[in-house]
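The structure appears right after this line, and notes come after that.
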Amino acid sequence: MRLFTGRKLQQAAELLEQAHRAERDGGSAEAERLARQAAELYGRAAGPGAARTAGALVTVSRSLHGQDRTAEAERELRAALATNGLEPDAEALLRTALTSLLRGEGRYPEAVEEIGRALAADPSFAPAAQARRVNAALLADLGRHREAAEQYAALVAAGRRERSSFALLAESNRLAQLTYLGEHAAVEHGAARLKDESTRAPEPDATWARVSANNSLAVSLALRGRHADAGELLRRAQAANPADDAFALILHVNLVRALLGQGSTGAARTELDAALSLADRLPALPDTDRSALGLAAATLHLAEGDPAAAERAARDALALCPPGDRPSHRTLELRTALGTAETRQGRGADTLTAALADWTHHFGPEHHGTAAARAALAAAAT
């Protein structure tokens with residue numbers, strides 16, 4: 001019996017690895033088929049409430065989402081959560097996956113509630129780390145960038161103690177929050193360390209860490225006006241990340257910013273068009289990435305002298321941002337772009353004035369976003 005169970009577990013593991021490879025190659029339907037087989041085998045050998053079974057079902061749900069079958073993906077996770085005898089690791093995996101799905105759909109109150117349950121499940125290191133990472137991402141969406149950075153820092157420390165490559169992902173996420181907070185010296189130091197750590201990591205983690213470090217540093221450089229340096233880093237990141245995935249879209253979006261800073265409107269249009277084309281092939285793209293795409297479109301329309309189109313893009317993107325008393329960096333950048341578009345159409349500067357007040361209150365008077373909003377307001381007055 002033990003030998004039979006061992007064979008079933010091995011077969012399930014092989015099927016799940018094949019499903020993950022299919023996912024990476026863009027084959028969501030094939031990934032779904034393989035992951036369902038893995039889940040069935042795990043359910044027989046380890047039990048329907050086991051963490052390994054839950055992990056396979058998470059892959060099933062993710063592959064359904066990748067096919068734009070979001071309602072089915074959600075039902076799959078909720079059905080798995082109703083399983084009797086669910087292990088803490090299994091519950092944490094399923095609730096964290098459900099949180100990510102809800103976050104991607106902009107259902108923030110439900111996502112916050114669900115991640116709280118995942119964190120309360122008391123799982124072991126890997127599921128707990130994943131739950132805390134998703135929680136930090138939610139905090140960032142809600143404008144709580146300092147808390148998100150601190151949570152990522154704790155995950156980095158824990159990952160390094162465990163000698164887990166998870167530390168690389170958490171450090172990349174931390175650098176993004178430090179960029180938004182305007183702590184650019186810390187971003188430079190962290191990016192250098194991340195690239196150094198990547199030399200001791202296995203593939204594909206090593207390449208991903210280097211690309212992510214260059215992306216974070218490039219955004220930091222662009223926000224400080226060093227657009228040529230930012231563009232060079234982003235071109236390097238694009239060359240190392242040829243996949244047509246959500247991260248490739250973000251690289252295009254960030255390159256739009258760097259190129260516009262250099263006055264290269266035509267090249268920026270090429271990057272935006274590439275990002276829009278990619279978004280059409282990624283139906284499950286999260287709202288956070290779509291709002292980034294909207295910000296790039298709004299700023300490009302402003303550079304092209306089309307404030308009406310910029311206003312539409314900014315409003316559409318703002319509708320994807322979570323409501324709340326504490327606006328995120330993305331929300332305030334969009335409000336700044338919206339206010340600029342309005343003033344260029346001869347309307348009052350109320351939107352810009354309010355954005356400047358919020359930049360100052362939430363990020364400080366010397367922050368790069370505050371300075372940009374102040375400059376936009378001054379330009380509107382001339």
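Residue numbering restarts at 1 for every chain of the structure tokens, chains are lettered A, B, ... in their displayed order, and ligands are numbered from 1 as they appear.
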
Show which residues sit within 9 Å of range 74-83 of chain A, as a JSON list (two decimals) with N, CA and C atoms, in the first residue's frame. Count only C-alpha atoms, and ignore same-chain residues fewer than 5 positions away.
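Wrote part-v7.json, looks like this:
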```json
[["chain", "number", "residue", "atom", "x", "y", "z"],
["A", 48, "PRO", "N", -8.15, 14.51, 0.20],
["A", 48, "PRO", "CA", -8.71, 15.71, -0.43],
["A", 48, "PRO", "C", -8.39, 17.00, 0.31],
["A", 49, "GLY", "N", -8.08, 16.89, 1.62],
["A", 49, "GLY", "CA", -7.77, 18.10, 2.38],
["A", 49, "GLY", "C", -6.29, 18.37, 2.54],
["A", 54, "ALA", "N", -4.44, 20.70, -2.49],
["A", 54, "ALA", "CA", -4.81, 22.11, -2.60],
["A", 54, "ALA", "C", -3.91, 22.84, -3.59],
["A", 57, "LEU", "N", -5.07, 22.16, -7.01],
["A", 57, "LEU", "CA", -6.32, 22.85, -7.30],
["A", 57, "LEU", "C", -6.10, 24.35, -7.49],
["A", 58, "VAL", "N", -5.12, 24.91, -6.80],
["A", 58, "VAL", "CA", -4.76, 26.30, -7.03],
["A", 58, "VAL", "C", -4.27, 26.49, -8.47],
["A", 60, "VAL", "N", -5.17, 24.60, -11.00],
["A", 60, "VAL", "CA", -6.38, 24.50, -11.82],
["A", 60, "VAL", "C", -7.08, 25.86, -11.89],
["A", 61, "SER", "N", -7.27, 26.48, -10.73],
["A", 61, "SER", "CA", -7.95, 27.76, -10.69],
["A", 61, "SER", "C", -7.19, 28.83, -11.47],
["A", 65, "HIS", "N", -8.41, 30.99, -14.74],
["A", 65, "HIS", "CA", -8.33, 32.45, -14.80],
["A", 65, "HIS", "C", -7.56, 32.89, -16.04],
["A", 69, "ARG", "N", -11.78, 32.59, -17.51],
["A", 69, "ARG", "CA", -12.93, 31.88, -16.91],
["A", 69, "ARG", "C", -12.89, 32.14, -15.40],
["A", 90, "ALA", "N", -3.09, 23.73, 3.47],
["A", 90, "ALA", "CA", -4.03, 23.71, 2.35],
["A", 90, "ALA", "C", -4.95, 24.92, 2.40],
["A", 91, "GLU", "N", -5.47, 25.22, 3.59],
["A", 91, "GLU", "CA", -6.36, 26.37, 3.72],
["A", 91, "GLU", "C", -5.64, 27.66, 3.35],
["A", 94, "LEU", "N", -5.19, 27.92, -0.48],
["A", 94, "LEU", "CA", -6.44, 28.18, -1.19],
["A", 94, "LEU", "C", -6.93, 29.60, -0.93],
["A", 95, "ARG", "N", -6.87, 30.06, 0.32],
["A", 95, "ARG", "CA", -7.35, 31.41, 0.63],
["A", 95, "ARG", "C", -6.43, 32.47, 0.03],
["A", 97, "ALA", "N", -4.72, 32.12, -2.78],
["A", 97, "ALA", "CA", -5.06, 32.13, -4.21],
["A", 97, "ALA", "C", -6.37, 32.87, -4.46],
["A", 98, "LEU", "N", -7.35, 32.67, -3.58],
["A", 98, "LEU", "CA", -8.62, 33.37, -3.72],
["A", 98, "LEU", "C", -8.43, 34.88, -3.54],
["A", 101, "LEU", "N", -7.04, 36.32, -6.71],
["A", 101, "LEU", "CA", -8.08, 36.43, -7.73],
["A", 101, "LEU", "C", -8.98, 37.63, -7.46],
["A", 102, "LEU", "N", -9.40, 37.80, -6.20],
["A", 102, "LEU", "CA", -10.27, 38.91, -5.85],
["A", 102, "LEU", "C", -9.57, 40.25, -6.04]]
```

Near range 11-14 of chain A, within 7 Å and counting only C-alpha atoms, which residues show up once chain neighbours fewer than 6 positions away are dropped, as a CSV table (one decimal) with all heavy atoms, in the first residue's frame?
```csv
chain,number,residue,atom,x,y,z
A,38,ALA,N,-3.5,15.8,-11.7
A,38,ALA,CA,-2.6,15.8,-10.5
A,38,ALA,C,-3.4,15.9,-9.2
A,38,ALA,O,-3.2,15.2,-8.2
A,38,ALA,CB,-1.6,17.0,-10.6
A,41,LEU,N,-5.1,12.6,-8.4
A,41,LEU,CA,-4.1,11.6,-7.8
A,41,LEU,C,-3.7,12.0,-6.4
A,41,LEU,O,-3.6,11.1,-5.5
A,41,LEU,CB,-2.9,11.5,-8.7
A,41,LEU,CG,-3.0,10.7,-10.0
A,41,LEU,CD1,-1.8,10.9,-10.9
A,41,LEU,CD2,-3.3,9.3,-9.7
A,42,TYR,N,-3.4,13.3,-6.2
A,42,TYR,CA,-3.1,13.7,-4.8
A,42,TYR,C,-4.3,13.4,-3.9
A,42,TYR,O,-4.0,13.0,-2.7
A,42,TYR,CB,-2.8,15.2,-4.8
A,42,TYR,CG,-1.4,15.5,-5.2
A,42,TYR,CD1,-1.1,16.6,-6.0
A,42,TYR,CD2,-0.3,14.9,-4.6
A,42,TYR,CE1,0.3,16.9,-6.3
A,42,TYR,CE2,1.0,15.2,-4.9
A,42,TYR,CZ,1.3,16.2,-5.8
A,42,TYR,OH,2.6,16.6,-6.1
```

Need to verify the contact set: range 200-211 of chain A, 7 Å, only C-alpha atoms, exclusion of same-chain residues closer than 2 positions in sequence. Can you return it as a CSV table (one decimal) with N, CA, C and O atoms, in the first residue's frame?
```
chain,number,residue,atom,x,y,z
A,165,SER,N,14.5,30.8,-2.3
A,165,SER,CA,14.5,31.8,-3.4
A,165,SER,C,13.4,32.8,-3.2
A,165,SER,O,13.3,33.8,-3.9
A,168,LEU,N,14.2,36.4,-2.9
A,168,LEU,CA,14.4,37.3,-4.1
A,168,LEU,C,13.2,38.0,-4.5
A,168,LEU,O,13.2,39.2,-4.8
A,194,LEU,N,20.4,42.6,-4.7
A,194,LEU,CA,19.5,41.6,-5.3
A,194,LEU,C,20.2,41.0,-6.5
A,194,LEU,O,20.2,39.8,-6.7
A,195,LYS,N,20.9,41.8,-7.3
A,195,LYS,CA,21.6,41.3,-8.5
A,195,LYS,C,22.8,40.4,-8.0
A,195,LYS,O,23.1,39.4,-8.6
A,197,GLU,N,22.8,38.6,-5.2
A,197,GLU,CA,22.2,37.4,-4.7
A,197,GLU,C,21.8,36.5,-5.8
A,197,GLU,O,21.7,35.3,-5.7
A,198,SER,N,21.4,37.1,-7.0
A,198,SER,CA,20.9,36.3,-8.1
A,198,SER,C,22.0,35.4,-8.7
A,198,SER,O,21.7,34.4,-9.3
A,213,ALA,N,15.4,43.6,-10.6
A,213,ALA,CA,16.2,44.6,-10.0
A,213,ALA,C,16.4,45.8,-10.9
A,213,ALA,O,16.3,46.9,-10.6
A,214,ASN,N,16.7,45.4,-12.2
A,214,ASN,CA,16.9,46.5,-13.2
A,214,ASN,C,15.6,47.3,-13.4
A,214,ASN,O,15.6,48.5,-13.6
A,215,ASN,N,14.4,46.6,-13.4
A,215,ASN,CA,13.2,47.3,-13.5
A,215,ASN,C,12.9,48.3,-12.4
A,215,ASN,O,12.6,49.5,-12.6
A,237,ALA,N,16.5,44.8,-19.5
A,237,ALA,CA,15.6,43.9,-18.9
A,237,ALA,C,14.7,43.3,-19.9
A,237,ALA,O,14.4,42.1,-19.8
A,240,ALA,N,16.4,40.4,-21.6
A,240,ALA,CA,16.5,39.2,-20.7
A,240,ALA,C,15.1,38.5,-20.4
A,240,ALA,O,15.1,37.5,-19.8
```

Give me the residues near range 119-131 of chain A as a compact mmCIF listing (two decimals) with all heavy atoms, in the first residue's frame, where near means some atom within 7 Å (using only C-alpha atoms) and where sequence neighbours in that chain fewer than 5 positions away do not count.
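Contents of around.txt, freshly written:
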```txt
# COMPACT_ATOMS: atom_id res chain seq x y z
N PRO A 88 -4.02 23.05 7.64
CA PRO A 88 -3.72 24.50 7.68
C PRO A 88 -2.97 24.99 6.45
O PRO A 88 -3.28 26.06 5.92
CB PRO A 88 -2.87 24.63 8.95
CG PRO A 88 -3.30 23.50 9.81
CD PRO A 88 -3.59 22.37 8.87
N ASP A 89 -1.97 24.24 5.98
CA ASP A 89 -1.25 24.64 4.78
C ASP A 89 -2.18 24.71 3.57
O ASP A 89 -2.07 25.61 2.73
CB ASP A 89 -0.12 23.65 4.48
CG ASP A 89 1.10 23.88 5.34
OD1 ASP A 89 1.02 24.73 6.26
OD2 ASP A 89 2.13 23.22 5.11
N GLU A 91 -5.47 25.22 3.59
CA GLU A 91 -6.36 26.37 3.72
C GLU A 91 -5.64 27.66 3.35
O GLU A 91 -6.19 28.51 2.64
CB GLU A 91 -6.90 26.47 5.16
CG GLU A 91 -7.85 27.64 5.33
CD GLU A 91 -8.39 27.77 6.74
OE1 GLU A 91 -8.08 26.90 7.59
OE2 GLU A 91 -9.11 28.76 6.99
N ALA A 92 -4.40 27.81 3.82
CA ALA A 92 -3.65 29.03 3.52
C ALA A 92 -3.40 29.17 2.02
O ALA A 92 -3.55 30.26 1.45
CB ALA A 92 -2.33 29.04 4.27
N LEU A 93 -3.05 28.06 1.37
CA LEU A 93 -2.81 28.10 -0.08
C LEU A 93 -4.06 28.51 -0.83
O LEU A 93 -4.02 29.37 -1.73
CB LEU A 93 -2.34 26.73 -0.57
CG LEU A 93 -0.92 26.30 -0.21
CD1 LEU A 93 -0.73 24.82 -0.52
CD2 LEU A 93 0.09 27.14 -0.98
N THR A 96 -5.15 32.20 -0.03
CA THR A 96 -4.22 33.15 -0.64
C THR A 96 -4.49 33.26 -2.14
O THR A 96 -4.49 34.36 -2.71
CB THR A 96 -2.77 32.72 -0.39
OG1 THR A 96 -2.53 32.68 1.02
CG2 THR A 96 -1.79 33.71 -1.03
N LEU A 155 9.69 39.39 5.20
CA LEU A 155 9.70 38.20 4.35
C LEU A 155 11.09 37.93 3.78
O LEU A 155 11.50 36.78 3.65
CB LEU A 155 8.70 38.37 3.21
CG LEU A 155 7.22 38.23 3.58
CD1 LEU A 155 6.33 38.70 2.44
CD2 LEU A 155 6.90 36.79 3.94
```

*asked:* Show me, as a count of residues only, the residues that have an atom within 10 Å of Leu377 in chain A when counting only C-alpha atoms, minus same-chain residues fewer than 6 positions from it.
replied: 12

*Can you list every residue in range 164-241 of chain A that DSSP puts in helix (DSSP H, G or I), as a ChimeraX atom specification?*
/A:166-181,184-198,205-223,227-240

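The residue that comes closest to Leu302 in chain A, out of A:Arg344, A:Arg24, A:His227, A:Arg335 and on the basis of only C-alpha atoms, is A:Arg344.
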
*Quick one: of A:Ser264, A:Thr5, A:Thr179, A:Thr59, who's nearest to Arg21 in chain A, counting only C-alpha atoms?*
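That would be A:Thr59, the residue with the smallest distance to Arg21 in chain A.
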